[in-house]
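Reviewing the structure listed below.
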Amino acid sequence: MKRDILIIANGEHSARLKEMIEKYPDSILVAVDGGFDQCLENGINPDYLTGDFDSVPKQSEFSDNTVIIPTPDQNYTDLEKSLQFIRTINPGTVRILSAVGKRTDHTFNSISLLLKYAEVLQIELFDNFGYLKVLSPNDYFFNLPKNTTVSLFSWKEISSLSLQGFKYSIENISEDNFLGISNETDQTEQMISFKKGHLFVYILDIPENKSQRK
């Protein structure tokens with residue numbers, strides 16, 4: 001049986017960690033290297049700890065219930081190695097926290113991994129405002145509340161893109177690099193459809209003036 005995964009990475013600490021654990025209580029918790037620090041601060045024992053362990057506390061601070069998965073291969077980042085590992089445990093939706101902020105190159109890597117693994121993992125990358133996912137060619141149906149802010153963009157060619165249920169609807173367009181920042185839903189049902197390429201979709205699910213809550 002597939003189980004959802006919640007990854008706590010080693011970027012800027014997430015203000016949403018406890019909220020996400022409460023929202024998805026049956027998820028397997030995977031801390032990535034220094035992401036274990038955030039677990040300690042919040043009194044959370046992850047199910048797995050992965051990485052090369054150059055940014056984690058001493059072994060004595062690990063819980064007996066945490067399975068240690070050493071991944072020393074320096075050809076990949078710790079976050080990517082965690083994705084390679086969870087592919088072996090029959091994952092459902094993979095939700096990643098604390099993978100943005102701090103260094104821009106690390107943030108870019110985290111976003112790039114969504115594209116790299118788009119065909120084999122269902123990944124959602126969360127910041128303190130919303131979450132980012134990558135869609136492959138298909139028809140997608142959403143039930144987001146009206147007035148939800150949604151941004152969409154592609155790094156390469158996308159073809160036959162259509163948007164319905166949005167303030168700025170689109171019908172069957174093709175572009176080398178699509179950019180649609182801060183569109184809004186104007187109906188309670190939405191559809192995104194395209195035939196070629198990959199589409200990044202960012203959904204704002206927390207108002208900006210409330211995003212920094214502790």
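Residue numbering restarts at 1 for every chain of the structure tokens, chains are lettered A, B, ... in their displayed order, and ligands are numbered from 1 as they appear.
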
What parts of segment 29-205 of chain A does DSSP call alpha helix (DSSP H)? I'd like the answer as a list in words.
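Across segment 29-205 of chain A, those assigned alpha helix (DSSP H) are Gly35, Phe36, Asp37, Gln38, Cys39, Leu40, Glu41, Asp78, Leu79, Glu80, Lys81, Ser82, Leu83, Gln84, Phe85, Ile86, Thr104, Asp105, His106, Thr107, Phe108, Asn109, Ser110, Ile111, Ser112, Leu113, Leu114, Leu115 and Lys116 of chain A.
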
Exercise: Ile68 of chain A partners within 8 Å, only C-alpha atoms, chain neighbours under 5 positions left out, as a list in words:
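Using only C-alpha atoms, the neighbours found are Tyr48, Leu49 and Thr50 of chain A.
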
Go ahead and dump the residues you just picked, C-alpha atoms, as a short mmCIF file (atom, residue, chain, number, x, y, z; two decimals), in the first residue's frame.
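Result file is part-v2.cif:
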```
data_model
loop_
_atom_site.label_atom_id
_atom_site.label_comp_id
_atom_site.auth_asym_id
_atom_site.auth_seq_id
_atom_site.Cartn_x
_atom_site.Cartn_y
_atom_site.Cartn_z
CA TYR A 48 13.98 7.94 8.49
CA LEU A 49 17.08 10.12 8.42
CA THR A 50 19.01 10.29 5.14
#
```

Quick one, how far is atom CA of Glu157 of chain A from atom CA of Glu171 of chain A?
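So the answer is 16.1 Å.
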
Find the residues near Phe194 of chain A: any atom within 9 Å, counting only C-alpha atoms, skip ones fewer than 3 places away on the same chain, and give them as a list in words.
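Once the adjacent positions are removed, what remains is Ser136, Pro137, Asn138, Asp139, Ile158, Ser159, Ser160, Leu161, Ser162, Asn172, Ile173, Ser174, Gly197, His198 and Leu199 of chain A.
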
Can you list, as a PyMOL selection string, every protein, DNA or RNA residue that comes within 6 Å of segment 20-34 of chain A when you count only C-alpha atoms, leaving out same-chain residues fewer than 6 positions away?
chain A and resi 4-10+46-51+53+55-56

Go through segment 1-198 of chain A and collect every residue that DSSP, computed from the backbone, puts in strand (DSSP E); the answer should be as a ChimeraX atom specification.
/A:3-8,28-32,48-51,67-70,91-97,122-126,130-135,138-142,149-153,158-164,170-175,179-184,190-194

With distances taken over only C-alpha atoms, which residue among A:Asn128, A:Asn45, A:Ser169, A:Asn109 lies nearest Val67 of chain A?
A:Asn45

Could you tell me which of A:Leu40, A:Ile111, A:Leu179, A:Gly35 comes closest to Ser82 of chain A if we count only C-alpha atoms?
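Counting only C-alpha atoms, the residue closest to Ser82 of chain A is A:Gly35.
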
With distances taken over only C-alpha atoms, which of A:Tyr168, A:Glu184, A:Val120, A:Leu132 is nearest to Thr148 of chain A?
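Answer, going by the shortest atom-to-atom distance: A:Glu184.
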